[in-house]
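Scroll down for the structure; my scribbles are underneath it.
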Amino acid sequence: MRRTGAGVALALLNAAAVVAAAGPRVGSEQKCRSGPTDLVFLIDSSRSVRPHEFRSVTRFIVHILDTLDIGLNATRVGLVQYSSQVRSEFSLNSYGDATGMADAVRRMVPLAQGTMTGLAIRYIIDNAFGERQGDRPEVPNAAVIVTDGRPQDRVAEVAAEARDKGVEIFAVGVARADVASLRAMASPPYEDHVFLVETFDLIHQFGLQFQDKLCGSGADLCAESEHGCRHICESSPGSFRCRCLPGYALDDDGKTCTALDACDWLDHGCEHRCVNAAGSYYCVCPDGQLLQEDAKSCGPCKTAVVDLVLVIDGSKSVRPHNFELVKKFVNEVVDTLDVSERGTRVGLVQYSSRVRTEFTLDQFRSADDIKAAVTKMKYMEKGTMTGLALAHMLDKSFSEAEGARPPARGIPRIGLVFTDGRSQDDISEYAKKAKQAGIVMYAVGVGKALEEELREIASDPPEKHFYYASDFSAIGAIALNLKLDVCPEESQGEVEVKDPCACENLVDFQRAAVTDLDRITQSLAAMSVRLEQLERRLLDGK
């Protein structure tokens with residue numbers, strides 16, 4: 001993958017989508033010949049996409065293929081569909097002509113599960129746009145994401161990574177699609193890369209929303225002075241791309257250029273983000289994390305105090321080797337907490353056909369002791385009585401007799417339920433009672449876990465309180481992304497809330513520091529420009 005201007009892929013898709021909107025098949029003389037592109041379609045086939053709607057999508061893709069100059073030395077096309085899992089239908093080097101591709105598209109069967117769009121974008125970064133699957137390093141990359149709903153996982157970070165690696169992303173939303181998610185995925189400018197249609201039957205019309213019909217035009221767009229390139233404009237048939245002078249980098253808009261900064265040419269080692277500062281740099285961390293003593297790495301803010309009870313599914317469907325992964329997941333969550341008598345307390349129950357308390361909230365006072373107990377935990381097997389486990393958590397685990405601190409002290413209570421399948425008893429009553437009792441509920445599902453049950457267990461808003469992985473090998477990523485976002489306004493003496501590491505204070509402090517440093521950087525840059533101007537005047541006067 002590589003960074004490239006938006007023009008080539010936009011021109012290709014402009015013509016392709018416009019011709020596809022017209023409906024009938026076109027002859028070879030009408031093929032879009034704006035230059036080779038590696039193009040991957042990423043198609044949402046979640047259960048919310050009905051069979052006749054899915055057929056509309058396949059017809060749309062076939063029409064697009066009809067308009068492209070497809071060949072191993074021309075435009076290459078890959079197709080990936082996703083729901084709770086990702087499946088490649090064909091890769092960039094699978095077919096050398098449109099006929100074989102069209103047949104493969106028509107044979108495609110929807111997956112009909114969840115909507116893990118972030119997982120799908122990760123797949124195209126790691127696989128679909130890899131050289132083993134036919135990606136060409138010297139050729140522009142473009143991805144067209146077609147979806148009808150809100151992603152069940154995070155998309156902003158992984159989409160930004162794809163764009164940084166040179167993938168131009170077009171986000172097409174149908175019917176129930178979430179506009180904010182489309183904008184989080186798409187390349188800028190959004191008016192060229194984000195599209196909405198009311199129904200799947202109208203998906204062919206999205207091409208009509210493109211502003212220009214560049215493909216096939218004989219005009220030299222660079223000569224017409226409308227390209228907007230800050231430094232250099234390079235023409236190609238029916239399109240153009242912008243380049244920058246040496247020492248500059250092309251901005252995300254594909255037109256303007258920015259001088260390379262210290263973060264680009266120094267080995268800064270920042271874990272999260274490097275910020276240029278007048279020939280030097282400093283590192284910053286994401287919201288809720290703190291810059292560590294090495295001034296480069298980030299760590300969790302460990303001053304928030306909570307009572308956390310983990311409710312772990314130990315049914316026979318989990319299986320022994322996967323249960324070891326579950327224990328590892330629990331310990332990774334514990335690693336993010338500040339466990340102590342006056343800090344966070346952790347309890348754990350395991351359930352199958354019955355419920356067993358592995359340890360109570362007041363049993364251990366350190367993370368190491370908790371992790372040791374988790375490692376020794378024995379697998380129960382048998383059934384999946386999630387409702388019974390929720391009742392146990394509410395009535396016993398969060399009782400003061402088992403170490404929960406009194407509600408009057410304002411210590412947030414968090415329940416985290418981990419399950420791999422459908423509950424064999426009713427969960428509604430105690431899922432509702434737990435939330436009514438003020439417990440913030442998180443639900444983590446894997447494999448055959450039901451989205452409806454996870455949403456019923458999770459607190460509002462559900463998208464921030466439930467997570468899903470298609471198999472146990474992926475739950476480590478959930479542990480890294482899981483944020484128990486509960487920071488008390490007051491902690492009744494348990495922790496000094498004015499501590500600069502305390503959640504909201506940390507965020508405010510970091511933002512203020514970054515703003516001040518940016519202001520200083522801008523002032524220094526302006527001063528540098530004025531000094532250069534003064535130097536030129538002095539030289540001209542000699």
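Ordering of the structure tokens sets the chain letters (A, B, ...), residue numbers begin anew at 1 in every chain, and ligands are numbered from 1 in the order given.
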Practice prompt. Quick one: everything within 10 Å of range 432-443 of chain A, counting only C-alpha atoms, minus sequence neighbours fewer than 2 positions away in the same chain. Send it as number ranges by chain.
Written response: A: 307-311, 390-391, 393-395, 398, 407, 412-419, 427-430, 445, 451, 453-460, 462, 464-468, 482-486
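Taking only C-alpha atoms, the non-local environment of range 371-374 of chain A within 7 Å (same-chain residues fewer than 3 positions away omitted) comprises A:Lys327, A:Asn331, A:Ala367, A:Asp368, A:Met377.
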Write out the residues from the selection above, keeping N, CA, C and O atoms, as a PDB file, in the first residue's frame.
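The resulting again_23.pdb:
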```
ATOM      1  N   LYS A 327      -9.069 -16.808  30.752  1.00  0.00           N
ATOM      2  CA  LYS A 327      -8.318 -16.414  31.949  1.00  0.00           C
ATOM      3  C   LYS A 327      -7.255 -15.361  31.607  1.00  0.00           C
ATOM      4  O   LYS A 327      -7.034 -14.409  32.366  1.00  0.00           O
ATOM      5  N   ASN A 331      -6.962 -11.471  33.096  1.00  0.00           N
ATOM      6  CA  ASN A 331      -5.738 -10.906  33.662  1.00  0.00           C
ATOM      7  C   ASN A 331      -5.277  -9.659  32.923  1.00  0.00           C
ATOM      8  O   ASN A 331      -4.695  -8.747  33.519  1.00  0.00           O
ATOM      9  N   ALA A 367      -3.072  -6.679  42.321  1.00  0.00           N
ATOM     10  CA  ALA A 367      -3.323  -7.268  41.004  1.00  0.00           C
ATOM     11  C   ALA A 367      -2.627  -8.618  40.867  1.00  0.00           C
ATOM     12  O   ALA A 367      -3.165  -9.557  40.253  1.00  0.00           O
ATOM     13  N   ASP A 368      -1.440  -8.751  41.438  1.00  0.00           N
ATOM     14  CA  ASP A 368      -0.701 -10.016  41.327  1.00  0.00           C
ATOM     15  C   ASP A 368      -1.451 -11.157  42.005  1.00  0.00           C
ATOM     16  O   ASP A 368      -1.499 -12.286  41.486  1.00  0.00           O
ATOM     17  N   MET A 377      -7.847 -20.947  38.515  1.00  0.00           N
ATOM     18  CA  MET A 377      -9.283 -21.206  38.418  1.00  0.00           C
ATOM     19  C   MET A 377      -9.572 -22.458  37.579  1.00  0.00           C
ATOM     20  O   MET A 377      -9.019 -22.632  36.503  1.00  0.00           O
TER      21      MET A 377
END
```
Practice prompt. Mind checking which residues fall within 10 Å of Arg354 in chain A, counting only C-alpha atoms, ignoring those fewer than 5 positions away in the same chain, and posting them as a list in words?
Written response: Gly314, Ser315, Met380, Glu381, Lys382, Gly383, Thr384, Met385, Thr386, Leu388, Ala389 and His392 of chain A
Discussion item. Report as a ChimeraX atom specification all protein, DNA and RNA residues lying within 9 Å of range 69-78 of chain A, evaluated on only C-alpha atoms, omitting residues in the same chain fewer than 3 positions from it.
Written reply: /A:28,31-42,65-66,88-98,101,128,133-135
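Comparing A:Ile312, A:Ala112, A:Ala160, A:Val275 by their smallest distance to Lys296 in chain A, the closest is A:Val275 (using only C-alpha atoms).
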Discussion item. Please compute the CA of Val194 in chain A-CA of Val179 in chain A distance, one decimal, in Å.
Written reply: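 Distance reported for this atom pair: 8.5 Å.
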Fill in: Straight-line distance linking CA of Asp153 in chain A with CA of Glu198 in chain A, stated in Å to one decimal
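Straight-line distance from CA of Asp153 in chain A to CA of Glu198 in chain A works out to 23.7 Å.
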Discussion item. I need the residues of range 432-481 of chain A that end up classed as alpha helix (DSSP H) by DSSP on the backbone, written out as a PyMOL selection string.
Written reply: chain A and resi 432-436+451-457+475-481
Worksheet item: What separation in Å, quoted to one decimal, exists between CA of Val306 in chain A and CA of Val346 in chain A?
Response: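 Distance between the two atoms: 8.4 Å.
Remark: for Gly403 in chain A, the closest of the candidate residues A:Asp252, A:Asp369, A:Asp426, A:Asp362 is A:Asp362 (distances computed over only C-alpha atoms).
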Worksheet entry | Which residue of A:Arg122, A:Arg176, A:Arg230, A:Lys448 approaches Ala159 in chain A most closely, using only C-alpha atoms |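 Of all the options, A:Arg122 lies closest to Ala159 in chain A.
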Worksheet entry | Filtered DSSP result for range 364-460 of chain A, state strand (DSSP E or B), as number ranges by chain | A: 413-419, 439-446
Keeping all heavy atoms, export the residues of the selection given above as a short mmCIF file (atom, residue, chain, number, x, y, z; two decimals), in the first residue's frame.
```cif
data_model
loop_
_atom_site.label_atom_id
_atom_site.label_comp_id
_atom_site.auth_asym_id
_atom_site.auth_seq_id
_atom_site.Cartn_x
_atom_site.Cartn_y
_atom_site.Cartn_z
N ARG A 413 -20.01 0.87 40.67
CA ARG A 413 -20.04 -0.59 40.60
C ARG A 413 -20.15 -1.01 39.13
O ARG A 413 -21.01 -0.53 38.40
CB ARG A 413 -21.22 -1.13 41.40
CG ARG A 413 -21.10 -0.86 42.89
CD ARG A 413 -22.27 -1.41 43.68
NE ARG A 413 -22.05 -1.26 45.12
CZ ARG A 413 -22.86 -1.74 46.06
NH1 ARG A 413 -23.97 -2.39 45.69
NH2 ARG A 413 -22.58 -1.57 47.33
N ILE A 414 -19.26 -1.92 38.72
CA ILE A 414 -19.21 -2.38 37.33
C ILE A 414 -19.33 -3.89 37.30
O ILE A 414 -18.62 -4.59 38.03
CB ILE A 414 -17.90 -1.95 36.65
CG1 ILE A 414 -17.75 -0.43 36.67
CG2 ILE A 414 -17.86 -2.46 35.21
CD1 ILE A 414 -16.46 0.06 36.04
N GLY A 415 -20.21 -4.39 36.44
CA GLY A 415 -20.31 -5.82 36.17
C GLY A 415 -19.89 -6.10 34.74
O GLY A 415 -20.36 -5.44 33.81
N LEU A 416 -18.99 -7.05 34.54
CA LEU A 416 -18.54 -7.42 33.20
C LEU A 416 -18.87 -8.89 32.97
O LEU A 416 -18.33 -9.77 33.64
CB LEU A 416 -17.04 -7.17 33.05
CG LEU A 416 -16.47 -7.24 31.63
CD1 LEU A 416 -15.18 -6.45 31.52
CD2 LEU A 416 -16.20 -8.69 31.20
N VAL A 417 -19.78 -9.15 32.03
CA VAL A 417 -20.22 -10.51 31.73
C VAL A 417 -19.53 -11.00 30.47
O VAL A 417 -19.57 -10.33 29.43
CB VAL A 417 -21.76 -10.57 31.54
CG1 VAL A 417 -22.21 -11.99 31.19
CG2 VAL A 417 -22.46 -10.08 32.80
N PHE A 418 -18.91 -12.16 30.55
CA PHE A 418 -18.26 -12.79 29.40
C PHE A 418 -18.98 -14.09 29.07
O PHE A 418 -19.11 -14.96 29.92
CB PHE A 418 -16.78 -13.08 29.71
CG PHE A 418 -16.01 -13.61 28.53
CD1 PHE A 418 -15.17 -12.79 27.82
CD2 PHE A 418 -16.15 -14.92 28.13
CE1 PHE A 418 -14.46 -13.27 26.72
CE2 PHE A 418 -15.46 -15.42 27.04
CZ PHE A 418 -14.62 -14.59 26.34
N THR A 419 -19.47 -14.24 27.82
CA THR A 419 -20.21 -15.45 27.45
C THR A 419 -19.92 -15.84 26.01
O THR A 419 -19.55 -14.99 25.19
CB THR A 419 -21.72 -15.24 27.65
OG1 THR A 419 -22.40 -16.45 27.31
CG2 THR A 419 -22.25 -14.11 26.77
N ILE A 439 -25.62 -0.46 38.71
CA ILE A 439 -24.42 -1.17 38.25
C ILE A 439 -24.23 -0.88 36.76
O ILE A 439 -25.16 -1.05 35.95
CB ILE A 439 -24.55 -2.68 38.48
CG1 ILE A 439 -24.72 -2.97 39.98
CG2 ILE A 439 -23.33 -3.42 37.94
CD1 ILE A 439 -25.06 -4.42 40.29
N VAL A 440 -23.05 -0.45 36.39
CA VAL A 440 -22.72 -0.23 34.98
C VAL A 440 -22.32 -1.59 34.40
O VAL A 440 -21.35 -2.20 34.82
CB VAL A 440 -21.58 0.78 34.82
CG1 VAL A 440 -21.23 0.96 33.35
CG2 VAL A 440 -21.95 2.11 35.45
N MET A 441 -23.10 -2.05 33.41
CA MET A 441 -22.92 -3.40 32.88
C MET A 441 -22.21 -3.40 31.53
O MET A 441 -22.59 -2.67 30.61
CB MET A 441 -24.29 -4.08 32.73
CG MET A 441 -25.00 -4.33 34.05
SD MET A 441 -24.09 -5.43 35.16
CE MET A 441 -24.02 -6.94 34.16
N TYR A 442 -21.17 -4.23 31.43
CA TYR A 442 -20.48 -4.48 30.17
C TYR A 442 -20.73 -5.93 29.77
O TYR A 442 -20.79 -6.82 30.62
CB TYR A 442 -18.97 -4.26 30.31
CG TYR A 442 -18.57 -2.82 30.39
CD1 TYR A 442 -18.72 -2.10 31.58
CD2 TYR A 442 -18.02 -2.15 29.30
CE1 TYR A 442 -18.36 -0.77 31.67
CE2 TYR A 442 -17.66 -0.82 29.37
CZ TYR A 442 -17.83 -0.13 30.56
OH TYR A 442 -17.47 1.17 30.62
N ALA A 443 -20.89 -6.17 28.47
CA ALA A 443 -21.10 -7.53 27.96
C ALA A 443 -20.08 -7.81 26.87
O ALA A 443 -19.93 -7.04 25.93
CB ALA A 443 -22.52 -7.68 27.40
N VAL A 444 -19.36 -8.92 27.03
CA VAL A 444 -18.36 -9.35 26.05
C VAL A 444 -18.79 -10.71 25.52
O VAL A 444 -18.93 -11.66 26.28
CB VAL A 444 -16.95 -9.43 26.67
CG1 VAL A 444 -15.96 -9.94 25.64
CG2 VAL A 444 -16.53 -8.07 27.21
N GLY A 445 -19.03 -10.78 24.21
CA GLY A 445 -19.48 -12.04 23.59
C GLY A 445 -18.46 -12.57 22.62
O GLY A 445 -17.71 -11.82 21.99
N VAL A 446 -18.46 -13.88 22.46
CA VAL A 446 -17.55 -14.52 21.51
C VAL A 446 -18.27 -15.69 20.85
O VAL A 446 -19.19 -16.28 21.43
CB VAL A 446 -16.25 -14.99 22.23
CG1 VAL A 446 -16.55 -16.10 23.22
CG2 VAL A 446 -15.19 -15.44 21.24
#
```
Discussion item. Under the rule that only C-alpha atoms are counted, which of A:Glu234, A:Ser352, A:Val172, A:Ile64 is the nearest residue to Lys316 in chain A?
Written reply: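 Checking each of A:Glu234, A:Ser352, A:Val172, A:Ile64 against Lys316 in chain A, counting only C-alpha atoms, the winner is A:Ser352.
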Worksheet item: What's the 10 Å shell around Pro189 in chain A, counting only C-alpha atoms, without same-chain residues fewer than 4 positions away, as a ChimeraX atom specification?
Response: /A:6,183,193-194,252-254
Please, could you write that set of residues out with all heavy atoms as an mmCIF file, in the first residue's frame?
```
data_model
loop_
_atom_site.group_PDB
_atom_site.id
_atom_site.type_symbol
_atom_site.label_atom_id
_atom_site.label_comp_id
_atom_site.auth_asym_id
_atom_site.auth_seq_id
_atom_site.Cartn_x
_atom_site.Cartn_y
_atom_site.Cartn_z
ATOM 1 N N ALA A 6 -5.989 11.648 -4.585
ATOM 2 C CA ALA A 6 -7.337 11.105 -4.702
ATOM 3 C C ALA A 6 -7.818 11.028 -6.130
ATOM 4 O O ALA A 6 -8.771 10.320 -6.425
ATOM 5 C CB ALA A 6 -8.308 11.978 -3.891
ATOM 6 N N ARG A 183 -18.484 8.978 7.856
ATOM 7 C CA ARG A 183 -17.480 10.043 7.804
ATOM 8 C C ARG A 183 -16.195 9.623 8.514
ATOM 9 O O ARG A 183 -15.096 10.032 8.116
ATOM 10 C CB ARG A 183 -18.038 11.317 8.429
ATOM 11 C CG ARG A 183 -19.163 11.951 7.607
ATOM 12 C CD ARG A 183 -19.846 13.076 8.379
ATOM 13 N NE ARG A 183 -18.980 14.203 8.586
ATOM 14 C CZ ARG A 183 -18.862 15.245 7.755
ATOM 15 N NH1 ARG A 183 -19.580 15.266 6.649
ATOM 16 N NH2 ARG A 183 -18.044 16.241 8.024
ATOM 17 N N HIS A 193 -16.508 11.469 -1.011
ATOM 18 C CA HIS A 193 -16.253 10.106 -0.540
ATOM 19 C C HIS A 193 -17.341 9.513 0.345
ATOM 20 O O HIS A 193 -17.236 8.349 0.724
ATOM 21 C CB HIS A 193 -14.918 10.063 0.217
ATOM 22 C CG HIS A 193 -13.725 10.348 -0.639
ATOM 23 N ND1 HIS A 193 -13.290 11.627 -0.897
ATOM 24 C CD2 HIS A 193 -12.883 9.511 -1.314
ATOM 25 C CE1 HIS A 193 -12.220 11.574 -1.672
ATOM 26 N NE2 HIS A 193 -11.956 10.317 -1.945
ATOM 27 N N VAL A 194 -18.353 10.282 0.717
ATOM 28 C CA VAL A 194 -19.447 9.774 1.552
ATOM 29 C C VAL A 194 -20.749 9.898 0.764
ATOM 30 O O VAL A 194 -21.078 10.973 0.263
ATOM 31 C CB VAL A 194 -19.563 10.551 2.877
ATOM 32 C CG1 VAL A 194 -20.765 10.063 3.673
ATOM 33 C CG2 VAL A 194 -18.286 10.387 3.698
ATOM 34 N N ASP A 252 -3.854 15.253 3.691
ATOM 35 C CA ASP A 252 -4.947 14.307 3.501
ATOM 36 C C ASP A 252 -5.948 14.756 2.436
ATOM 37 O O ASP A 252 -6.687 13.934 1.899
ATOM 38 C CB ASP A 252 -5.695 14.082 4.822
ATOM 39 C CG ASP A 252 -4.877 13.255 5.804
ATOM 40 O OD1 ASP A 252 -3.939 12.576 5.341
ATOM 41 O OD2 ASP A 252 -5.173 13.286 7.003
ATOM 42 N N ASP A 253 -5.998 16.066 2.161
ATOM 43 C CA ASP A 253 -6.922 16.521 1.114
ATOM 44 C C ASP A 253 -6.419 16.210 -0.280
ATOM 45 O O ASP A 253 -7.107 16.443 -1.272
ATOM 46 C CB ASP A 253 -7.212 18.017 1.248
ATOM 47 C CG ASP A 253 -5.959 18.880 1.090
ATOM 48 O OD1 ASP A 253 -4.886 18.335 0.758
ATOM 49 O OD2 ASP A 253 -6.063 20.102 1.293
ATOM 50 N N GLY A 254 -5.200 15.649 -0.388
ATOM 51 C CA GLY A 254 -4.657 15.267 -1.677
ATOM 52 C C GLY A 254 -4.202 16.429 -2.523
ATOM 53 O O GLY A 254 -3.863 16.240 -3.703
#
```
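Excluding Ser84 in chain A itself and same-chain residues fewer than 5 positions from it, the residues having an atom within 9 Å of it are A:Ser46, A:Leu111, A:Ala112, A:Gln113, A:Gly114, A:Thr115, A:Met116, A:Thr117, A:Leu119, A:Gln152, A:Tyr468, A:Ala469, A:Ser470, counting only C-alpha atoms.
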What would the file look like if the residues just selected were written as a CSV table (one decimal), in the first residue's frame with N, CA and C atoms?
```
chain,number,residue,atom,x,y,z
A,46,SER,N,-24.5,-8.3,6.9
A,46,SER,CA,-25.0,-8.6,8.2
A,46,SER,C,-26.5,-9.0,8.1
A,111,LEU,N,-23.4,-13.7,4.8
A,111,LEU,CA,-23.0,-14.3,6.1
A,111,LEU,C,-24.1,-14.2,7.1
A,112,ALA,N,-24.8,-13.1,7.1
A,112,ALA,CA,-26.0,-12.9,7.9
A,112,ALA,C,-25.7,-13.0,9.4
A,113,GLN,N,-24.8,-12.2,9.9
A,113,GLN,CA,-24.5,-12.2,11.3
A,113,GLN,C,-24.4,-10.7,11.8
A,114,GLY,N,-23.4,-10.3,12.5
A,114,GLY,CA,-23.3,-9.0,13.1
A,114,GLY,C,-22.7,-8.0,12.1
A,115,THR,N,-22.2,-6.8,12.6
A,115,THR,CA,-21.6,-5.8,11.7
A,115,THR,C,-20.3,-5.3,12.2
A,116,MET,N,-19.2,-6.1,12.0
A,116,MET,CA,-17.9,-5.8,12.5
A,116,MET,C,-17.1,-5.1,11.4
A,117,THR,N,-17.4,-3.8,11.1
A,117,THR,CA,-16.8,-3.1,10.0
A,117,THR,C,-15.4,-2.8,10.3
A,119,LEU,N,-13.3,-4.7,12.0
A,119,LEU,CA,-12.6,-6.0,11.7
A,119,LEU,C,-12.3,-6.1,10.2
A,152,GLN,N,-20.5,-2.4,14.9
A,152,GLN,CA,-20.5,-2.9,16.3
A,152,GLN,C,-19.1,-2.9,16.9
A,468,TYR,N,-17.7,-7.8,20.8
A,468,TYR,CA,-17.9,-9.1,20.3
A,468,TYR,C,-16.7,-9.5,19.5
A,469,ALA,N,-16.3,-10.8,19.6
A,469,ALA,CA,-15.2,-11.4,18.8
A,469,ALA,C,-15.7,-12.7,18.2
A,470,SER,N,-15.3,-12.9,16.9
A,470,SER,CA,-15.8,-14.1,16.2
A,470,SER,C,-15.3,-15.4,16.8
```
Discussion item. Residues near Phe323 in chain A, anyone? I mean within 9 Å using only C-alpha atoms, not counting same-chain ones fewer than 2 positions away, as a list in words.
Written reply: Asp313, Gly314, Val318, Arg319, Pro320, His321, Leu325, Val326, Lys327, Lys328, Tyr379 and Phe472 of chain A
